[in-house]
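Peer 1: What follows is work17.pdb; its format and atoms are PDB, C-alpha atoms and all ligand atoms.
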ATOM      1  CA  MET E   1      69.789 -32.792  70.537  1.00  0.00           C
ATOM      2  CA  THR E   2      68.109 -30.233  68.257  1.00  0.00           C
ATOM      3  CA  PRO E   3      66.548 -31.854  65.170  1.00  0.00           C
ATOM      4  CA  THR E   4      68.038 -30.381  61.986  1.00  0.00           C
ATOM      5  CA  THR E   5      67.266 -30.781  58.310  1.00  0.00           C
ATOM      6  CA  THR E   6      69.333 -29.566  55.378  1.00  0.00           C
ATOM      7  CA  VAL E   7      67.212 -27.665  52.869  1.00  0.00           C
ATOM      8  CA  GLY E   8      69.075 -26.185  49.921  1.00  0.00           C
ATOM      9  CA  ASN E   9      72.197 -24.615  51.381  1.00  0.00           C
ATOM     10  CA  ARG E  10      70.749 -24.069  54.808  1.00  0.00           C
ATOM     11  CA  VAL E  11      70.351 -26.156  57.919  1.00  0.00           C
ATOM     12  CA  VAL E  12      66.952 -25.682  59.518  1.00  0.00           C
ATOM     13  CA  ARG E  13      66.622 -26.198  63.243  1.00  0.00           C
ATOM     14  CA  THR E  14      63.088 -27.292  63.857  1.00  0.00           C
ATOM     15  CA  ALA E  15      63.050 -27.443  67.640  1.00  0.00           C
ATOM     16  CA  GLY E  16      62.009 -24.426  69.637  1.00  0.00           C
ATOM     17  CA  ARG E  17      58.932 -22.445  70.424  1.00  0.00           C
ATOM     18  CA  THR E  18      57.229 -20.703  67.526  1.00  0.00           C
ATOM     19  CA  VAL E  19      53.767 -19.225  67.202  1.00  0.00           C
ATOM     20  CA  GLY E  20      53.520 -19.478  63.428  1.00  0.00           C
ATOM     21  CA  LEU E  21      54.929 -20.962  60.251  1.00  0.00           C
ATOM     22  CA  TYR E  22      58.614 -20.086  60.609  1.00  0.00           C
ATOM     23  CA  SER E  23      61.719 -21.913  61.787  1.00  0.00           C
ATOM     24  CA  PRO E  24      63.269 -20.947  65.109  1.00  0.00           C
ATOM     25  CA  ALA E  25      66.800 -21.142  63.720  1.00  0.00           C
ATOM     26  CA  VAL E  26      68.468 -21.609  60.368  1.00  0.00           C
ATOM     27  CA  VAL E  27      72.210 -22.126  60.076  1.00  0.00           C
ATOM     28  CA  ILE E  28      74.334 -21.209  57.059  1.00  0.00           C
ATOM     29  CA  PRO E  29      77.158 -23.734  56.665  1.00  0.00           C
ATOM     30  CA  PRO E  30      80.703 -22.381  56.213  1.00  0.00           C
ATOM     31  CA  GLY E  31      81.744 -21.314  52.741  1.00  0.00           C
ATOM     32  CA  VAL E  32      78.195 -20.750  51.468  1.00  0.00           C
ATOM     33  CA  HIS E  33      77.405 -17.467  49.681  1.00  0.00           C
ATOM     34  CA  THR E  34      74.690 -15.243  51.117  1.00  0.00           C
ATOM     35  CA  VAL E  35      72.314 -12.807  49.432  1.00  0.00           C
ATOM     36  CA  HIS E  36      70.783  -9.917  51.393  1.00  0.00           C
ATOM     37  CA  ILE E  37      67.465  -8.741  49.977  1.00  0.00           C
ATOM     38  CA  SER E  38      66.242  -5.233  50.756  1.00  0.00           C
ATOM     39  CA  GLY E  39      62.634  -4.778  51.789  1.00  0.00           C
ATOM     40  CA  VAL E  40      60.393  -5.883  48.914  1.00  0.00           C
ATOM     41  CA  LEU E  41      57.372  -3.654  48.321  1.00  0.00           C
ATOM     42  CA  PRO E  42      54.320  -4.151  46.071  1.00  0.00           C
ATOM     43  CA  VAL E  43      55.427  -2.031  43.124  1.00  0.00           C
ATOM     44  CA  ASP E  44      55.526  -2.228  39.338  1.00  0.00           C
ATOM     45  CA  LEU E  45      58.698  -1.780  37.277  1.00  0.00           C
ATOM     46  CA  ASP E  46      58.347   2.004  37.463  1.00  0.00           C
ATOM     47  CA  GLY E  47      57.930   1.999  41.243  1.00  0.00           C
ATOM     48  CA  GLY E  48      54.169   2.574  41.037  1.00  0.00           C
ATOM     49  CA  SER E  49      52.128   1.090  43.897  1.00  0.00           C
ATOM     50  CA  LEU E  50      50.223  -2.143  43.254  1.00  0.00           C
ATOM     51  CA  GLY E  51      47.141  -3.367  45.124  1.00  0.00           C
ATOM     52  CA  GLU E  52      46.296  -0.125  46.881  1.00  0.00           C
ATOM     53  CA  GLY E  53      44.067  -0.835  49.893  1.00  0.00           C
ATOM     54  CA  ASP E  54      44.135  -4.610  49.224  1.00  0.00           C
ATOM     55  CA  PHE E  55      46.361  -6.486  51.709  1.00  0.00           C
ATOM     56  CA  GLU E  56      46.066  -9.887  49.972  1.00  0.00           C
ATOM     57  CA  THR E  57      47.094  -8.501  46.576  1.00  0.00           C
ATOM     58  CA  GLN E  58      50.000  -6.638  48.152  1.00  0.00           C
ATOM     59  CA  MET E  59      51.218  -9.715  50.055  1.00  0.00           C
ATOM     60  CA  ARG E  60      50.970 -12.044  47.043  1.00  0.00           C
ATOM     61  CA  THR E  61      52.752  -9.416  44.918  1.00  0.00           C
ATOM     62  CA  VAL E  62      55.517  -9.051  47.513  1.00  0.00           C
ATOM     63  CA  PHE E  63      56.092 -12.838  47.536  1.00  0.00           C
ATOM     64  CA  ARG E  64      56.143 -12.950  43.715  1.00  0.00           C
ATOM     65  CA  LEU E  65      58.692 -10.115  43.639  1.00  0.00           C
ATOM     66  CA  LEU E  66      60.698 -11.709  46.461  1.00  0.00           C
ATOM     67  CA  GLY E  67      60.950 -14.872  44.321  1.00  0.00           C
ATOM     68  CA  GLU E  68      62.109 -12.799  41.344  1.00  0.00           C
ATOM     69  CA  THR E  69      64.647 -10.940  43.478  1.00  0.00           C
ATOM     70  CA  LEU E  70      65.993 -14.205  44.901  1.00  0.00           C
ATOM     71  CA  ALA E  71      66.355 -15.573  41.358  1.00  0.00           C
ATOM     72  CA  ALA E  72      68.138 -12.382  40.285  1.00  0.00           C
ATOM     73  CA  GLY E  73      70.569 -12.947  43.162  1.00  0.00           C
ATOM     74  CA  GLY E  74      71.279 -16.542  42.044  1.00  0.00           C
ATOM     75  CA  SER E  75      69.071 -17.916  44.801  1.00  0.00           C
ATOM     76  CA  SER E  76      65.542 -19.248  45.300  1.00  0.00           C
ATOM     77  CA  PHE E  77      62.870 -19.639  47.964  1.00  0.00           C
ATOM     78  CA  VAL E  78      64.327 -22.943  49.104  1.00  0.00           C
ATOM     79  CA  GLU E  79      67.539 -21.091  49.979  1.00  0.00           C
ATOM     80  CA  LEU E  80      65.741 -18.421  51.979  1.00  0.00           C
ATOM     81  CA  VAL E  81      67.215 -18.317  55.497  1.00  0.00           C
ATOM     82  CA  LYS E  82      65.400 -15.491  57.276  1.00  0.00           C
ATOM     83  CA  MET E  83      62.727 -12.937  56.540  1.00  0.00           C
ATOM     84  CA  THR E  84      61.679  -9.815  58.397  1.00  0.00           C
ATOM     85  CA  THR E  85      58.074  -8.874  57.699  1.00  0.00           C
ATOM     86  CA  TYR E  86      56.688  -5.406  58.338  1.00  0.00           C
ATOM     87  CA  LEU E  87      52.935  -4.795  58.490  1.00  0.00           C
ATOM     88  CA  VAL E  88      51.242  -1.489  59.251  1.00  0.00           C
ATOM     89  CA  ASP E  89      47.992  -2.839  60.673  1.00  0.00           C
ATOM     90  CA  PRO E  90      47.680  -5.544  63.370  1.00  0.00           C
ATOM     91  CA  GLY E  91      44.288  -6.316  61.783  1.00  0.00           C
ATOM     92  CA  HIS E  92      46.207  -7.902  58.870  1.00  0.00           C
ATOM     93  CA  ILE E  93      48.017 -10.505  61.004  1.00  0.00           C
ATOM     94  CA  ASP E  94      45.320 -13.190  60.559  1.00  0.00           C
ATOM     95  CA  ASP E  95      45.341 -12.653  56.781  1.00  0.00           C
ATOM     96  CA  PHE E  96      49.146 -12.760  56.805  1.00  0.00           C
ATOM     97  CA  TYR E  97      49.052 -16.171  58.575  1.00  0.00           C
ATOM     98  CA  ARG E  98      46.377 -17.550  56.208  1.00  0.00           C
ATOM     99  CA  ILE E  99      48.092 -16.394  53.004  1.00  0.00           C
ATOM    100  CA  ARG E 100      51.532 -17.503  54.256  1.00  0.00           C
ATOM    101  CA  GLU E 101      50.180 -20.994  54.912  1.00  0.00           C
ATOM    102  CA  GLU E 102      48.794 -21.176  51.383  1.00  0.00           C
ATOM    103  CA  LEU E 103      52.000 -19.888  49.810  1.00  0.00           C
ATOM    104  CA  PHE E 104      54.339 -22.011  51.974  1.00  0.00           C
ATOM    105  CA  ASP E 105      52.330 -25.194  51.213  1.00  0.00           C
ATOM    106  CA  GLY E 106      53.603 -24.823  47.660  1.00  0.00           C
ATOM    107  CA  ILE E 107      57.039 -23.382  48.372  1.00  0.00           C
ATOM    108  CA  PHE E 108      58.065 -25.544  51.365  1.00  0.00           C
ATOM    109  CA  PRO E 109      55.963 -28.708  50.990  1.00  0.00           C
ATOM    110  CA  GLU E 110      58.100 -30.526  53.567  1.00  0.00           C
ATOM    111  CA  GLY E 111      57.365 -27.861  56.177  1.00  0.00           C
ATOM    112  CA  ARG E 112      60.837 -26.403  56.636  1.00  0.00           C
ATOM    113  CA  PRO E 113      60.170 -22.675  56.292  1.00  0.00           C
ATOM    114  CA  PRO E 114      62.734 -19.908  56.779  1.00  0.00           C
ATOM    115  CA  GLY E 115      62.930 -17.888  59.958  1.00  0.00           C
ATOM    116  CA  ASN E 116      60.781 -14.777  60.243  1.00  0.00           C
ATOM    117  CA  THR E 117      60.362 -11.823  62.535  1.00  0.00           C
ATOM    118  CA  LEU E 118      56.942 -10.192  62.288  1.00  0.00           C
ATOM    119  CA  LEU E 119      56.660  -6.518  63.184  1.00  0.00           C
ATOM    120  CA  VAL E 120      53.831  -4.012  63.058  1.00  0.00           C
ATOM    121  CA  VAL E 121      55.171  -0.538  62.375  1.00  0.00           C
ATOM    122  CA  GLN E 122      53.529   2.841  62.187  1.00  0.00           C
ATOM    123  CA  ARG E 123      53.940   3.188  58.415  1.00  0.00           C
ATOM    124  CA  LEU E 124      56.146   2.197  55.491  1.00  0.00           C
ATOM    125  CA  VAL E 125      57.868   4.510  53.030  1.00  0.00           C
ATOM    126  CA  ARG E 126      54.540   5.338  51.322  1.00  0.00           C
ATOM    127  CA  PRO E 127      51.263   5.423  53.242  1.00  0.00           C
ATOM    128  CA  ASP E 128      49.583   3.037  50.757  1.00  0.00           C
ATOM    129  CA  PHE E 129      52.075   0.212  51.398  1.00  0.00           C
ATOM    130  CA  LEU E 130      50.599  -2.388  53.794  1.00  0.00           C
ATOM    131  CA  ILE E 131      53.478  -4.926  53.816  1.00  0.00           C
ATOM    132  CA  GLU E 132      57.230  -5.078  53.219  1.00  0.00           C
ATOM    133  CA  ILE E 133      59.451  -8.181  53.479  1.00  0.00           C
ATOM    134  CA  GLU E 134      63.249  -8.286  53.585  1.00  0.00           C
ATOM    135  CA  GLY E 135      65.332 -11.423  53.626  1.00  0.00           C
ATOM    136  CA  VAL E 136      68.630 -13.236  53.762  1.00  0.00           C
ATOM    137  CA  ALA E 137      69.208 -16.276  51.566  1.00  0.00           C
ATOM    138  CA  THR E 138      72.040 -18.526  50.525  1.00  0.00           C
ATOM    139  CA  SER E 139      73.125 -18.835  46.928  1.00  0.00           C
ATOM    140  CA  PRO E 140      74.640 -21.968  45.406  1.00  0.00           C
ATOM    141  CA  THR E 141      76.419 -19.921  42.736  1.00  0.00           C
ATOM    142  CA  GLY E 142      77.247 -16.691  44.553  1.00  0.00           C
ATOM    143  CA  PRO E 143      77.975 -13.612  42.414  1.00  0.00           C
ATOM    144  CA  GLU E 144      78.486 -15.805  39.313  1.00  0.00           C
ATOM    145  CA  GLY E 145      74.790 -16.692  39.285  1.00  0.00           C
ATOM    146  CA  ALA E 146      73.492 -13.169  39.941  1.00  0.00           C
ATOM    147  CA  ASP E 147      71.782 -11.294  37.134  1.00  0.00           C
ATOM    148  CA  ASP E 148      73.597  -7.947  36.790  1.00  0.00           C
ATOM    149  CA  GLU E 149      70.644  -6.475  34.914  1.00  0.00           C
ATOM    150  CA  LEU E 150      68.498  -6.844  38.004  1.00  0.00           C
ATOM    151  CA  VAL E 151      70.987  -6.720  40.854  1.00  0.00           C
ATOM    152  CA  GLY E 152      72.993  -3.523  41.192  1.00  0.00           C
TER     153      GLY E 152
HETATM  154  C1  LIG O 201      55.547 -14.422  65.026  1.00  0.00           C
HETATM  155  C2  LIG O 201      56.302 -14.600  63.804  1.00  0.00           C
HETATM  156  N1  LIG O 201      57.544 -14.267  63.785  1.00  0.00           N
HETATM  157  C3  LIG O 201      55.667 -15.149  62.633  1.00  0.00           C
HETATM  158  O1  LIG O 201      56.299 -15.165  61.563  1.00  0.00           O
HETATM  159  O2  LIG O 201      54.531 -15.608  62.721  1.00  0.00           O
END
Have the structure of the file written as structure tokens, please.
Peer 2:
Amino acid sequence: MTPTTTVGNRVVRTAGRTVGLYSPAVVIPPGVHTVHISGVLPVDLDGGSLGEGDFETQMRTVFRLLGETLAAGGSSFVELVKMTTYLVDPGHIDDFYRIREELFDGIFPEGRPPGNTLLVVQRLVRPDFLIEIEGVATSPTGPEGADDELVG
């Protein structure tokens, strides 16, 4: 039987083969609201690039903005079900693993991270972007808890 743990609104399946800090499967129970987050990029409020040429700054910025976007959607990191991570340089994979471990130590102290697919692509929408992360999360409140100022 596959070991499962309920974290927030999601059921995390911890069995399976992984090569990093992600869960092999996360199940959304029936009747739970979902939030789909577009790819988060390291940008300021005007869309200006942040952390040009600095992978660590870009990744930490993307996670900070992902947290803000989740909150705007009435959700939070603990409700995050699945991420897709896009990098543009395979040379950043080791840094991605190191920084993710540091961040997830704080965010998922019990070691039940969301799923993730990690891809290296030729480039992102602007050549200075080194990382983009999109996600799916659950939301305890659904549309009622979303902040209309931030979520279109
Ligand atoms: C390989 C992979 N999906 C990860 O997140 O490390």
Peer 1: Which residue, E:Pro109, E:Gly48, E:Pro143, E:Pro90, has the smallest gap to ligand LIG 201 (chain O) when you use all atoms listed in the file?
Peer 2: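 Ranking E:Pro109, E:Gly48, E:Pro143, E:Pro90 by distance to ligand LIG 201 (chain O), first place goes to E:Pro90.
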Peer 1: Determine the residue set returned by the PyMOL selection byres (((chain E and resi 63-70) around 8) and not hetatm) for the present structure, and present it as a list of chain:residue names.
Peer 2: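 Output of the PyMOL selection byres (((chain E and resi 63-70) around 8) and not hetatm): E:Val35, E:Ile37, E:Val40, E:Pro42, E:Met59, E:Arg60, E:Thr61, E:Val62, E:Ala71, E:Ala72, E:Gly73, E:Gly74, E:Ser75, E:Ser76, E:Phe77, E:Ile133, E:Ala137, E:Leu150.
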Peer 1: Show me which residues are within 12 Å of ligand LIG 201 (chain O) counting all atoms listed in the file, and format the list as JSON, numbers by chain.
Peer 2: {"E": [17, 18, 19, 20, 21, 22, 23, 24, 25, 82, 83, 84, 85, 86, 87, 90, 92, 93, 94, 95, 96, 97, 98, 99, 100, 101, 104, 113, 114, 115, 116, 117, 118, 119, 120, 133]}
Peer 1: With only C-alpha atoms counted, which protein, DNA or RNA residues have an atom no more than 8 Å from (70.0, -16.4, 52.1) in the file frame? Please answer as an NGL selection string.
Peer 2: :E and (33-36 or 75 or 79-82 or 135-139)
Peer 1: So how many Å separate CA of Val125 in chain E and CA of Thr57 in chain E, to one decimal?
Peer 2: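 Computing the Euclidean distance for CA of Val125 in chain E and CA of Thr57 in chain E yields 18.1 Å.
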Peer 1: How many Å separate CA of Val26 in chain E from CA of Gly142 in chain E?
Peer 2: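 These atoms are spaced 18.7 Å apart.
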Peer 1: By how many Å are CA of Val121 in chain E and CA of Asp89 in chain E apart?
Peer 2: 7.7 Å
Peer 1: Suppose a student applies the PyMOL selection byres (((chain E and resi 27) around 10) and not hetatm) to this structure; what residues should they get, written as a PyMOL selection string?
Peer 2: chain E and resi 4+6+9-13+25-26+28-30+81-82
Peer 1: Kindly compute an axis-aligned box around the listed atoms of range 126-141 of chain E, allowing 6 Å on each side, and express its centre and edge lengths in Å to one decimal as AutoDock Vina command-line options.
Peer 2:
--center_x 63.0 --center_y -8.3 --center_z 48.3 --size_x 38.8 --size_y 39.4 --size_z 23.1
Peer 1: Rank nothing, just name the residue among E:Glu132, E:Asp105, E:Glu110, E:Asp46 nearest to Gln58 in chain E, using all atoms listed in the file.
Peer 2: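 Of E:Glu132, E:Asp105, E:Glu110, E:Asp46, the one nearest Gln58 in chain E, counting all atoms listed in the file, is E:Glu132.
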Peer 1: So, with only C-alpha atoms as the atoms that count, which of E:Leu130, E:Ser49, E:Gly106, E:Glu144 lies closest to Gly91 in chain E?
Peer 2: E:Leu130
Peer 1: Please fill the gaps in range 42-56 of chain E so it has N, CA, C and O atoms, and write that as an mmCIF file, keeping the file's coordinate frame.
Peer 2:
data_model
loop_
_atom_site.group_PDB
_atom_site.id
_atom_site.type_symbol
_atom_site.label_atom_id
_atom_site.label_comp_id
_atom_site.auth_asym_id
_atom_site.auth_seq_id
_atom_site.Cartn_x
_atom_site.Cartn_y
_atom_site.Cartn_z
ATOM 1 N N PRO E 42 55.200 -3.825 47.205
ATOM 2 C CA PRO E 42 54.320 -4.151 46.071
ATOM 3 C C PRO E 42 54.320 -3.035 45.032
ATOM 4 O O PRO E 42 53.459 -2.151 45.054
ATOM 5 N N VAL E 43 55.299 -3.087 44.129
ATOM 6 C CA VAL E 43 55.427 -2.031 43.124
ATOM 7 C C VAL E 43 55.619 -2.617 41.730
ATOM 8 O O VAL E 43 56.106 -3.740 41.575
ATOM 9 N N ASP E 44 55.264 -1.822 40.713
ATOM 10 C CA ASP E 44 55.526 -2.228 39.338
ATOM 11 C C ASP E 44 56.947 -1.803 38.949
ATOM 12 O O ASP E 44 57.684 -1.251 39.777
ATOM 13 N N LEU E 45 57.312 -2.041 37.696
ATOM 14 C CA LEU E 45 58.698 -1.780 37.277
ATOM 15 C C LEU E 45 59.075 -0.308 37.366
ATOM 16 O O LEU E 45 60.252 0.040 37.449
ATOM 17 N N ASP E 46 58.071 0.566 37.356
ATOM 18 C CA ASP E 46 58.347 2.004 37.463
ATOM 19 C C ASP E 46 58.241 2.513 38.900
ATOM 20 O O ASP E 46 58.273 3.724 39.141
ATOM 21 N N GLY E 47 58.042 1.585 39.842
ATOM 22 C CA GLY E 47 57.930 1.999 41.243
ATOM 23 C C GLY E 47 56.520 2.422 41.630
ATOM 24 O O GLY E 47 56.306 2.919 42.733
ATOM 25 N N GLY E 48 55.562 2.232 40.717
ATOM 26 C CA GLY E 48 54.169 2.574 41.037
ATOM 27 C C GLY E 48 53.569 1.544 41.985
ATOM 28 O O GLY E 48 53.878 0.348 41.898
ATOM 29 N N SER E 49 52.734 1.988 42.907
ATOM 30 C CA SER E 49 52.128 1.090 43.897
ATOM 31 C C SER E 49 51.152 0.122 43.237
ATOM 32 O O SER E 49 50.399 0.498 42.343
ATOM 33 N N LEU E 50 51.174 -1.127 43.716
ATOM 34 C CA LEU E 50 50.223 -2.143 43.254
ATOM 35 C C LEU E 50 49.317 -2.540 44.414
ATOM 36 O O LEU E 50 49.758 -2.600 45.557
ATOM 37 N N GLY E 51 48.072 -2.833 44.125
ATOM 38 C CA GLY E 51 47.141 -3.367 45.124
ATOM 39 C C GLY E 51 46.785 -2.383 46.217
ATOM 40 O O GLY E 51 46.627 -2.785 47.371
ATOM 41 N N GLU E 52 46.619 -1.131 45.847
ATOM 42 C CA GLU E 52 46.296 -0.125 46.881
ATOM 43 C C GLU E 52 45.066 -0.516 47.690
ATOM 44 O O GLU E 52 44.022 -0.864 47.111
ATOM 45 N N GLY E 53 45.185 -0.531 49.004
ATOM 46 C CA GLY E 53 44.067 -0.835 49.893
ATOM 47 C C GLY E 53 43.711 -2.311 49.969
ATOM 48 O O GLY E 53 42.746 -2.676 50.636
ATOM 49 N N ASP E 54 44.475 -3.180 49.306
ATOM 50 C CA ASP E 54 44.135 -4.610 49.224
ATOM 51 C C ASP E 54 45.326 -5.424 49.775
ATOM 52 O O ASP E 54 46.301 -5.677 49.062
ATOM 53 N N PHE E 55 45.230 -5.812 51.060
ATOM 54 C CA PHE E 55 46.361 -6.486 51.709
ATOM 55 C C PHE E 55 46.755 -7.775 50.983
ATOM 56 O O PHE E 55 47.935 -8.046 50.760
ATOM 57 N N GLU E 56 45.756 -8.584 50.591
ATOM 58 C CA GLU E 56 46.066 -9.887 49.972
ATOM 59 C C GLU E 56 46.834 -9.695 48.664
ATOM 60 O O GLU E 56 47.830 -10.384 48.418
#
